[in-house]
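Raw entry-v8.txt, compact mmCIF, C-alpha atoms:
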# COMPACT_ATOMS: atom_id res chain seq x y z
CA MET A 12 97.66 81.09 86.73
CA SER A 13 99.40 82.84 89.63
CA ASN A 14 102.92 81.99 90.72
CA ALA A 15 105.02 82.69 93.78
CA ASN A 16 106.70 85.71 92.17
CA ASP A 17 103.54 87.23 90.74
CA ASP A 18 103.69 90.99 91.39
CA ARG A 19 100.11 90.96 92.62
CA SER A 20 101.13 88.84 95.61
CA ASP A 21 103.36 91.68 96.92
CA GLU A 22 101.08 94.65 96.43
CA THR A 23 100.70 97.14 99.28
CA SER A 24 97.53 99.17 99.48
CA ASP A 25 97.33 102.34 101.60
CA ASP A 26 93.66 102.84 100.85
CA GLU A 27 91.29 102.91 103.79
CA ALA A 28 88.58 100.31 103.67
CA PRO A 29 85.19 101.95 103.04
CA GLY A 30 82.98 102.09 106.08
CA ASP A 31 85.85 101.48 108.52
CA GLU A 32 86.41 105.07 109.60
CA THR A 33 85.69 106.00 113.21
CA SER A 34 86.48 109.13 115.19
CA GLY A 35 90.16 108.90 116.04
CA LEU A 36 90.24 105.18 115.33
CA GLY A 37 89.90 102.68 112.51
CA ARG A 38 92.47 103.85 109.94
CA ARG A 39 93.23 100.64 108.14
CA ARG A 40 95.89 99.37 105.76
CA LEU A 41 96.00 96.11 103.88
CA LEU A 42 99.48 94.70 103.29
CA ARG A 43 99.53 92.50 100.19
CA SER A 44 96.31 91.96 98.31
CA ALA A 45 94.68 88.61 98.88
CA VAL A 46 95.34 85.95 96.25
CA ASN A 47 92.26 84.54 94.57
CA THR A 48 92.06 81.16 96.27
CA GLY A 49 88.54 80.29 95.25
CA ALA A 50 89.61 78.59 92.04
CA ALA A 51 89.85 74.84 91.60
CA VAL A 52 93.64 75.03 91.91
CA THR A 53 95.09 76.98 94.83
CA LEU A 54 98.60 78.36 95.15
CA VAL A 55 100.23 77.51 98.46
CA TRP A 56 103.61 78.87 99.60
CA GLY A 57 105.94 76.72 101.62
CA LEU A 58 109.67 76.39 102.14
CA GLY A 59 110.39 78.96 99.45
CA THR A 60 108.62 77.04 96.70
CA ALA A 61 105.22 77.20 95.09
CA ASN A 62 102.96 74.16 95.38
CA TYR A 63 99.54 73.54 93.90
CA ALA A 64 96.70 71.81 95.69
CA THR A 65 93.36 71.05 94.07
CA SER A 66 90.13 71.74 95.92
CA SER A 67 89.60 67.97 96.29
CA ASP A 68 92.91 67.33 98.09
CA LEU A 69 92.29 66.50 101.74
CA GLY A 70 94.51 66.22 104.78
CA THR A 71 93.85 65.12 108.36
CA ILE A 72 93.86 67.37 111.41
CA THR A 73 93.33 66.75 115.11
CA TYR A 74 90.39 69.01 115.87
CA ALA A 75 89.85 68.17 119.55
CA MET A 76 91.11 66.29 122.58
CA ALA A 77 88.36 64.41 124.41
CA ARG A 78 87.94 62.05 127.35
CA PRO A 79 85.92 58.82 126.94
CA HIS A 80 83.18 60.23 129.22
CA PRO A 81 82.71 63.38 131.37
CA ASP A 82 83.62 61.65 134.64
CA ALA A 83 86.92 60.26 133.28
CA ASP A 84 90.17 61.53 134.74
CA GLY A 85 92.14 64.17 132.90
CA ASP A 86 94.97 61.83 131.86
CA ALA A 87 92.62 59.79 129.65
CA THR A 88 92.25 62.15 126.67
CA GLU A 89 92.14 60.90 123.10
CA PRO A 90 92.53 62.82 119.82
CA ARG A 91 89.57 63.54 117.54
CA ARG A 92 90.44 63.74 113.85
CA LYS A 93 88.82 64.84 110.60
CA ASP A 94 89.72 65.57 106.98
CA VAL A 95 90.00 69.15 105.72
CA PRO A 96 91.18 70.74 102.44
CA VAL A 97 94.97 70.75 102.16
CA ALA A 98 94.99 74.28 100.71
CA TRP A 99 93.09 75.61 103.73
CA GLN A 100 95.37 73.80 106.17
CA GLU A 101 98.56 74.96 104.44
CA SER A 102 97.46 78.59 104.24
CA LEU A 103 96.63 78.46 107.92
CA ARG A 104 100.07 77.04 108.70
CA LEU A 105 101.71 79.97 106.96
CA ALA A 106 99.55 82.45 108.86
CA PHE A 107 100.40 80.78 112.18
CA GLU A 108 104.12 80.96 111.35
CA ALA A 109 103.81 84.65 110.45
CA GLN A 110 101.84 85.33 113.63
CA ASP A 111 104.51 83.60 115.73
CA ALA A 112 107.16 85.76 114.05
CA ILE A 113 105.13 88.88 114.85
CA HIS A 114 104.90 87.79 118.50
CA ASP A 115 108.66 87.21 118.64
CA MET A 116 109.38 90.74 117.40
CA GLY A 117 107.84 92.22 120.56
CA LEU A 118 106.75 95.43 118.86
CA ALA A 119 105.71 98.04 121.43
CA PRO A 120 103.14 99.73 119.13
CA LEU A 121 101.30 96.40 118.74
CA VAL A 122 98.24 96.04 120.98
CA SER A 123 96.81 92.90 119.39
CA SER A 124 97.15 90.53 116.48
CA PHE A 125 95.26 87.40 115.53
CA VAL A 126 94.88 84.93 112.68
CA VAL A 127 91.69 85.02 110.62
CA PRO A 128 91.23 81.59 108.98
CA GLY A 129 89.77 81.38 105.51
CA SER A 130 86.82 79.24 104.47
CA TYR A 131 87.09 75.96 102.61
CA ASP A 132 86.09 77.74 99.36
CA GLN A 133 88.34 80.77 99.96
CA PRO A 134 91.08 79.17 102.06
CA GLU A 135 93.65 81.96 102.31
CA ALA A 136 94.16 82.97 105.94
CA ALA A 137 94.99 86.53 107.01
CA ILE A 138 96.23 88.36 110.11
CA SER A 139 94.37 91.21 111.80
CA VAL A 140 96.50 93.72 113.73
CA GLU A 141 95.76 96.67 116.00
CA ALA A 142 98.65 99.07 116.58
CA THR A 143 99.25 102.60 117.82
CA GLU A 144 101.76 103.60 115.12
CA GLU A 145 101.44 103.37 111.36
CA ASN A 146 105.14 102.63 110.76
CA VAL A 147 104.64 99.18 112.30
CA SER A 148 103.51 98.03 108.85
CA ASP A 149 107.08 98.09 107.49
CA GLN A 150 108.28 95.73 110.22
CA LEU A 151 105.28 93.44 109.86
CA GLU A 152 105.83 93.10 106.13
CA GLU A 153 109.35 91.80 106.76
CA VAL A 154 108.08 88.70 108.58
CA ALA A 155 104.73 88.16 106.88
CA ALA A 156 105.38 88.81 103.20
CA ASN A 157 103.10 85.99 102.02
CA VAL A 158 100.15 86.60 104.34
CA PRO A 159 97.59 89.43 104.01
CA ILE A 160 97.66 91.72 107.05
CA ASP A 161 94.82 94.07 107.93
CA ILE A 162 96.13 96.83 110.23
CA ASN A 163 93.85 99.01 112.32
CA ILE A 164 95.66 102.08 113.68
CA VAL A 165 94.38 103.00 117.15
CA ASP A 166 95.33 106.60 117.97
CA GLU A 167 94.76 106.15 121.68
CA LEU A 168 93.47 103.22 123.70
CA PRO A 169 91.42 104.69 126.56
CA PRO A 170 91.72 103.14 130.04
CA ALA A 171 89.25 100.41 130.87
CA PRO A 172 86.20 101.78 132.68
CA GLU A 173 85.63 100.94 136.32
CA ARG A 174 83.06 98.18 136.57
CA ASP A 175 81.40 96.38 139.41
CA PRO A 176 79.22 93.33 138.76
CA GLU A 177 75.79 93.21 140.32
CA HIS A 178 76.45 90.28 142.64
CA GLU A 179 72.83 90.04 143.74
CA GLN A 180 71.90 89.19 140.13
CA ALA A 181 74.48 86.44 139.83
CA TYR A 182 73.33 82.87 139.35
CA GLN A 183 73.71 80.76 142.49
CA LEU A 184 73.45 77.00 142.71
CA PRO A 185 69.95 75.93 143.78
CA GLU A 186 71.61 72.94 145.47
CA LEU A 187 75.26 72.62 146.49
CA GLY A 188 76.34 69.00 146.50
CA ARG A 189 79.93 67.98 147.09
CA ASP A 190 80.38 65.34 144.41
CA ARG A 191 79.87 67.27 141.14
CA VAL A 192 80.13 71.06 141.45
CA PRO A 193 79.32 72.59 138.02
CA GLY A 194 80.79 75.55 136.18
CA GLY A 195 78.75 78.52 134.97
CA VAL A 196 77.87 79.70 138.51
CA VAL A 197 79.06 82.66 140.55
CA CYS A 198 82.26 82.22 142.53
CA GLU A 199 83.95 84.70 144.86
CA SER A 200 87.33 85.57 146.30
CA ASP A 201 87.96 88.02 149.10
CA TYR A 202 88.66 90.57 146.32
CA GLY A 203 85.88 90.11 143.76
CA ALA A 204 83.52 87.79 141.92
CA GLY A 205 83.56 85.83 138.68
CA THR A 206 82.21 82.69 137.06
CA LEU A 207 83.41 79.18 137.85
CA THR A 208 84.80 77.07 134.99
CA PRO A 209 83.94 73.40 134.62
CA ALA A 210 86.57 71.03 136.05
CA LEU A 211 90.15 71.91 135.09
CA PHE A 212 92.52 68.93 134.80
CA ASP A 213 96.24 68.37 135.19
CA ALA A 214 97.16 66.47 132.03
CA GLN A 215 99.83 64.33 133.72
CA SER A 216 98.18 63.39 137.01
CA GLY A 217 94.57 63.62 135.86
CA SER A 218 93.71 65.59 139.02
CA ARG A 219 90.68 67.90 139.02
CA PHE A 220 90.73 71.56 140.04
CA PHE A 221 88.35 74.47 140.31
CA ALA A 222 89.27 77.50 138.20
CA THR A 223 88.21 81.02 137.27
CA SER A 224 89.92 84.12 135.87
CA ASN A 225 93.10 85.05 137.73
CA HIS A 226 92.02 88.70 137.94
CA VAL A 227 89.10 87.67 140.18
CA TYR A 228 91.84 87.65 142.85
CA GLY A 229 92.96 91.18 141.98
CA GLU A 230 95.98 92.97 140.53
CA GLU A 231 94.80 92.53 136.94
CA GLY A 232 95.72 88.86 136.97
CA THR A 233 99.46 89.41 137.39
CA LYS A 234 100.08 87.33 140.50
CA GLU A 235 101.41 83.75 140.34
CA THR A 236 101.92 82.82 143.98
CA GLU A 237 100.87 85.79 146.12
CA HIS A 238 97.28 84.54 146.44
CA ARG A 239 98.23 80.94 147.21
CA GLY A 240 96.01 79.53 149.93
CA GLU A 241 93.32 82.18 149.56
CA PRO A 242 89.77 80.76 149.60
CA LEU A 243 87.29 80.29 146.78
CA TRP A 244 83.65 80.69 147.78
CA LEU A 245 80.43 79.53 146.11
CA ARG A 246 77.04 80.96 147.04
CA HIS A 247 73.99 78.90 147.92
CA ASP A 248 70.92 80.41 149.59
CA ASP A 249 72.89 83.68 149.72
CA GLU A 250 75.43 82.05 152.00
CA PRO A 251 79.12 81.63 151.00
CA HIS A 252 80.58 78.13 151.08
CA ARG A 253 84.35 77.60 150.97
CA VAL A 254 85.04 74.99 148.29
CA GLY A 255 88.73 75.53 147.45
CA GLU A 256 92.06 77.26 148.00
CA VAL A 257 94.29 78.89 145.40
CA ALA A 258 97.12 76.65 144.20
CA ARG A 259 98.64 79.15 141.77
CA GLY A 260 97.84 81.81 139.20
CA TYR A 261 98.80 81.98 135.52
CA PRO A 262 99.20 85.68 134.59
CA ALA A 263 99.70 85.24 130.84
CA ALA A 264 96.63 83.01 130.63
CA ASP A 265 94.56 84.92 133.23
CA ILE A 266 93.41 81.73 134.93
CA VAL A 267 93.77 80.62 138.54
CA GLN A 268 94.07 76.96 139.56
CA ILE A 269 92.26 76.10 142.81
CA ASP A 270 92.61 72.98 144.97
CA PRO A 271 89.26 71.54 146.13
CA VAL A 272 88.76 71.30 149.91
CA ASP A 273 86.30 69.65 152.31
CA GLY A 274 85.32 66.92 149.87
CA TYR A 275 84.07 69.17 147.06
CA ARG A 276 84.69 67.75 143.58
CA PRO A 277 84.75 69.91 140.41
CA GLY A 278 82.36 68.55 137.78
CA SER A 279 82.81 68.45 134.00
CA VAL A 280 79.50 70.17 133.54
CA ILE A 281 78.22 73.68 132.79
CA GLU A 282 75.09 74.65 134.71
CA ARG A 283 72.24 75.73 132.37
CA ALA A 284 74.08 74.71 129.18
CA SER A 285 72.33 72.34 126.80
CA PRO A 286 73.79 69.77 126.76
CA PRO A 287 75.68 70.52 129.99
CA ALA A 288 78.36 67.78 130.02
CA VAL A 289 81.94 68.72 128.98
CA ILE A 290 83.82 65.92 127.21
CA GLY A 291 87.00 67.77 126.16
CA GLN A 292 88.27 70.77 124.22
CA TYR A 293 89.05 72.06 120.74
CA THR A 294 92.58 72.34 119.39
CA GLN A 295 93.85 75.46 117.63
CA LEU A 296 93.09 73.87 114.26
CA GLY A 297 89.72 72.75 115.56
CA LEU A 298 88.77 76.34 116.40
CA ALA A 299 89.96 77.50 112.98
CA ASP A 300 87.88 74.72 111.42
CA LEU A 301 84.79 75.91 113.30
CA MET A 302 85.39 79.42 111.99
CA ALA A 303 85.84 78.12 108.43
CA GLN A 304 82.38 76.56 108.71
CA ASN A 305 80.78 79.69 110.22
CA GLU A 306 79.98 77.83 113.43
CA THR A 307 79.31 79.82 116.60
CA LEU A 308 80.48 79.51 120.20
CA GLU A 309 78.32 79.80 123.32
CA LYS A 310 78.94 80.72 126.93
CA VAL A 311 77.01 80.66 130.21
CA GLY A 312 78.06 83.39 132.64
CA ALA A 313 76.99 83.96 136.23
CA ILE A 314 75.63 87.43 135.37
CA SER A 315 74.56 87.52 131.71
CA ASP A 316 73.57 83.85 131.46
CA HIS A 317 73.59 82.38 127.94
CA THR A 318 75.05 84.21 124.93
CA ALA A 319 76.46 83.11 121.58
CA GLY A 320 78.63 84.63 118.86
CA GLU A 321 80.84 83.97 115.87
CA ILE A 322 84.58 83.36 116.05
CA LYS A 323 86.60 86.43 115.00
CA GLY A 324 90.18 85.08 115.22
CA VAL A 325 92.50 82.44 116.65
CA ASN A 326 96.08 82.30 117.96
CA ALA A 327 95.68 85.89 119.15
CA MET A 328 98.01 88.02 121.22
CA THR A 329 96.35 90.77 123.28
CA CYS A 330 98.02 93.58 125.25
CA TYR A 331 94.86 95.42 126.32
CA THR A 332 94.76 94.57 130.03
CA GLY A 333 97.14 93.71 132.85
CA GLU A 334 100.91 94.09 132.92
CA VAL A 335 101.71 91.28 130.47
CA CYS A 336 100.68 90.58 126.89
CA LYS A 337 98.65 87.41 126.63
CA PRO A 338 99.39 84.88 123.83
CA GLY A 339 97.18 82.00 122.70
CA GLN A 340 93.97 84.01 122.91
CA LEU A 341 90.64 83.29 121.24
CA VAL A 342 88.65 86.27 119.90
CA TRP A 343 84.92 85.85 119.42
CA GLY A 344 81.46 87.33 119.95
CA ASP A 345 81.02 91.04 120.71
CA GLU A 346 80.90 93.43 123.67
CA GLU A 347 77.46 92.11 124.64
CA THR A 348 78.74 88.54 124.87
CA LEU A 349 80.40 89.14 128.25
CA THR A 350 79.71 91.39 131.22
CA ASP A 351 81.28 92.01 134.62
CA GLY A 352 81.12 88.87 136.72
CA ASP A 353 81.18 86.56 133.68
CA SER A 354 84.99 86.36 133.72
CA GLY A 355 86.01 82.73 134.19
CA SER A 356 83.16 81.35 132.11
CA VAL A 357 84.15 79.11 129.20
CA ASN A 358 83.04 79.24 125.60
CA PHE A 359 81.96 75.97 124.06
CA HIS A 360 80.42 74.23 121.05
CA PRO A 361 78.52 70.93 120.72
CA ASP A 362 80.72 67.87 120.32
CA PRO A 363 80.48 67.06 116.58
CA GLU A 364 80.41 63.32 117.30
CA ASN A 365 77.82 63.53 120.10
CA PRO A 366 76.06 66.91 119.71
CA GLU A 367 73.04 65.94 121.83
CA GLU A 368 75.14 64.67 124.74
CA TYR A 369 78.37 66.67 125.14
CA VAL A 370 80.14 69.95 124.48
CA LEU A 371 83.79 70.77 123.77
CA VAL A 372 85.38 73.87 125.32
CA GLY A 373 87.03 76.52 123.14
CA GLY A 374 88.61 78.59 125.92
CA ILE A 375 88.08 80.75 128.99
CA ASN A 376 86.46 84.20 128.74
CA ASN A 377 88.40 87.02 130.42
CA ALA A 378 87.50 90.42 128.95
CA ARG A 379 85.66 92.42 126.30
CA THR A 380 86.41 95.56 124.27
CA TRP A 381 85.50 99.01 125.58
CA TRP A 382 86.88 101.36 122.92
CA PRO A 383 85.42 102.54 119.57
CA GLY A 384 86.30 100.57 116.47
CA SER A 385 86.49 97.10 118.06
CA ASP A 386 83.72 94.80 119.20
CA PHE A 387 84.63 91.38 120.61
CA THR A 388 85.26 89.24 123.67
CA TRP A 389 88.55 87.46 124.32
CA GLY A 390 90.28 85.03 126.62
CA THR A 391 92.84 82.23 126.66
CA ALA A 392 92.12 79.34 124.32
CA ALA A 393 91.96 75.88 125.89
CA HIS A 394 94.75 74.58 123.63
CA GLU A 395 97.09 77.25 125.04
CA LEU A 396 96.40 76.06 128.59
CA LEU A 397 97.31 72.52 127.57
CA ASP A 398 100.33 73.34 125.43
CA GLU A 399 101.93 75.85 127.83
CA HIS A 400 100.70 74.81 131.26
CA GLY A 401 99.62 71.18 131.02
CA LEU A 402 96.02 72.04 131.98
CA HIS A 403 92.83 71.19 130.11
CA PHE A 404 89.05 70.85 130.39

Can you present the structure in this file as structure tokens?
Amino acid sequence: MSNANDDRSDETSDDEAPGDETSGLGRRRLLRSAVNTGAAVTLVWGLGTANYATSSDLGTITYAMARPHPDADGDATEPRRKDVPVAWQESLRLAFEAQDAIHDMGLAPLVSSFVVPGSYDQPEAAISVEATEENVSDQLEEVAANVPIDINIVDELPPAPERDPEHEQAYQLPELGRDRVPGGVVCESDYGAGTLTPALFDAQSGSRFFATSNHVYGEEGTKETEHRGEPLWLRHDDEPHRVGEVARGYPAADIVQIDPVDGYRPGSVIERASPPAVIGQYTQLGLADLMAQNETLEKVGAISDHTAGEIKGVNAMTCYTGEVCKPGQLVWGDEETLTDGDSGSVNFHPDPENPEEYVLVGGINNARTWWPGSDFTWGTAAHELLDEHGLHF
């Protein structure tokens, strides 16, 4: 039986993982070997003491926030709950705390970090880190002594390639009605093009907004108020139609909130999704729970249409693009999941309670990897929009 002071729980391995080597990239270190948590009794650390939870112990989590029906206002959300193994939930809590401590350190060599939830059978969560300097491991170990950390040393992160979406291939609405404008279609600013989200709500007032990625309005998504009042256009029959004006941008979330104009109403629906109706969104624990069950996420983009992929990590911080690091990110899929012009699309999964009728949003899609050794898509998780900005789907 392991205990909290077992020497194995503090091992540091400098060995490179086999098969992980890439040219100039991919040197990996594992801080602290993973504890065997597949046994019937699992060791869980908390508050400086060791606790034991059997595999049959269950606790309750809120896995989603949902409205009673897709046309309900945004101030009418209700929690969705389910039971999960206590050992899995507690290990995840420790990983989230360690990840928050890593964020607070503000380490310059850090280019990303995210939590990798365990499964129900192997519940120990870990943290995956990309950094430009190997000595970052000493600082990470100070704040995450009880959580395995997989560090990928990136010698040099090349600049993002110049890309220009093929607008003529973007999906346009076959009909543009004013009462229920869907997400998943091409939208344009005077600067560039992206994909429209389904209706974005203000949690307090319940008001509906259009939204897409903030960087669709330029400057790598760093502007909060400079683009206020600029138009949002939708295409129908190759003609632009002005449906909204920018209310404000959210640089750290890379999302722009847009007031509807001229009677247009954002709809809680994703064009070409099946089912198309959006009923709410997953919480941070809900996304981790999906990953623990090997469930996949989907997206419908204006350029690449429908793609799907597995969840790679939650509660991520990314410093790959723009002038600010972005917390509360969701990492999933691969480089093929997203292409230019898909930014602003949302990822989603069928509503577990009504899988034939509704979907729940996981987050917004903003970017994808372009350098050797990494292969995923990322963007701000929906729970981060709600927790930090009072906005939700």

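Remark: for Ala378 in chain A, the closest of the candidate residues A:Leu184, A:Val289, A:Leu243, A:Ala171 is A:Ala171 (distances computed over only C-alpha atoms).
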
Determine, counting all atoms listed in the file, which protein, DNA and RNA residues have an atom within 12 Å of an atom of Cys330 in chain A; residues of the same chain fewer than 6 positions away are not included. Present the result as a list in words.
->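 Using all atoms listed in the file, the neighbours found are His114, Gly117, Leu118, Ala119, Pro120, Leu121, Val122, Ser123, Ser124, Phe125, Val140, Glu141, Ala142, Thr143, Leu168, Ala263, Ala264, Cys336, Lys337, Pro338, Gly339, Gln340, Ala378, Thr380, Trp389 and Gly390 of chain A.
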
Interface rows for range 165-282 of chain A against range 309-325 of chain A: nearest pair, Å to one decimal, 12 Å, all atoms listed in the file, as a Markdown table:
| residue | atom | partner | partner_atom | distance |
| --- | --- | --- | --- | --- |
| A:Asp175 | CA | A:Ile314 | CA | 11.4 |
| A:Pro176 | CA | A:Ile314 | CA | 7.7 |
| A:Glu177 | CA | A:Ile314 | CA | 7.6 |
| A:His178 | CA | A:Ile314 | CA | 7.9 |
| A:Glu179 | CA | A:Ile314 | CA | 9.2 |
| A:Gln180 | CA | A:Ile314 | CA | 6.3 |
| A:Ala181 | CA | A:Ile314 | CA | 4.7 |
| A:Tyr182 | CA | A:Ala313 | CA | 4.9 |
| A:Gln183 | CA | A:Ala313 | CA | 7.8 |
| A:Leu184 | CA | A:Ala313 | CA | 10.1 |
| A:Pro193 | CA | A:Val311 | CA | 11.5 |
| A:Gly194 | CA | A:Val311 | CA | 8.7 |
| A:Gly195 | CA | A:Gly312 | CA | 5.4 |
| A:Val196 | CA | A:Ala313 | CA | 4.9 |
| A:Val197 | CA | A:Ala313 | CA | 5.0 |
| A:Cys198 | CA | A:Ala313 | CA | 8.4 |
| A:Glu199 | CA | A:Ala313 | CA | 11.1 |
| A:Ala204 | CA | A:Ala313 | CA | 9.5 |
| A:Gly205 | CA | A:Ala313 | CA | 7.3 |
| A:Thr206 | CA | A:Ala313 | CA | 5.4 |
| A:Leu207 | CA | A:Ala313 | CA | 8.2 |
| A:Thr208 | CA | A:Gly312 | CA | 9.5 |
| A:Pro209 | CA | A:Val311 | CA | 11.0 |
| A:Thr223 | CA | A:Gly312 | CA | 11.4 |
| A:Leu245 | CA | A:Ala313 | CA | 11.4 |
| A:Arg246 | CA | A:Ala313 | CA | 11.2 |
| A:Val280 | CA | A:Val311 | CA | 11.3 |
| A:Ile281 | CA | A:Val311 | CA | 7.5 |
| A:Glu282 | CA | A:Val311 | CA | 7.7 |

Taking into account all atoms listed in the file, which residue in the set A:Ala77, A:Ile162, A:Ile269, A:Val192 is nearest to Asn365 in chain A?
->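 Smallest separation from Asn365 in chain A among the options: A:Ala77.
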
Distance in Å - CA of Pro128 in chain A versus CA of Leu301 in chain A |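 About the pair CA of Pro128 in chain A and CA of Leu301 in chain A: they are 9.6 Å apart.
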
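Coordinates place CA of Thr391 in chain A at a distance of 21.6 Å from CA of Glu89 in chain A.
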
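Taking CA of Ala98 in chain A and CA of Val127 in chain A as endpoints, the distance between them is 15.0 Å.
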
Could you work out an axis-aligned box for range 182-201 of chain A, taking every atom the file lists and adding 3 Å on each side, and report centre and edge lengths in Å to one decimal, as AutoDock Vina command-line options?
--center_x 79.0 --center_y 76.7 --center_z 142.0 --size_x 24.0 --size_y 28.7 --size_z 20.1

Ref. answer, residues at most 10 Å from (93.7, 77.5, 149.3) with only C-alpha atoms, as an NGL selection string = :A and (238-243 or 253-259 or 268-272)

Determine the nearest neighbour of Phe387 in chain A from the options A:Gly278, A:Gly401, A:Phe359, A:Val342, counting only C-alpha atoms.
->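 Of the candidates, the smallest distance to Phe387 in chain A is held by A:Val342.
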
Have a look at A:Ile375, A:Ala303, A:Ala327, A:Val370 and name the one nearest to Asn225 in chain A; count only C-alpha atoms.
->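 Checking each of A:Ile375, A:Ala303, A:Ala327, A:Val370 against Asn225 in chain A, counting only C-alpha atoms, the winner is A:Ile375.
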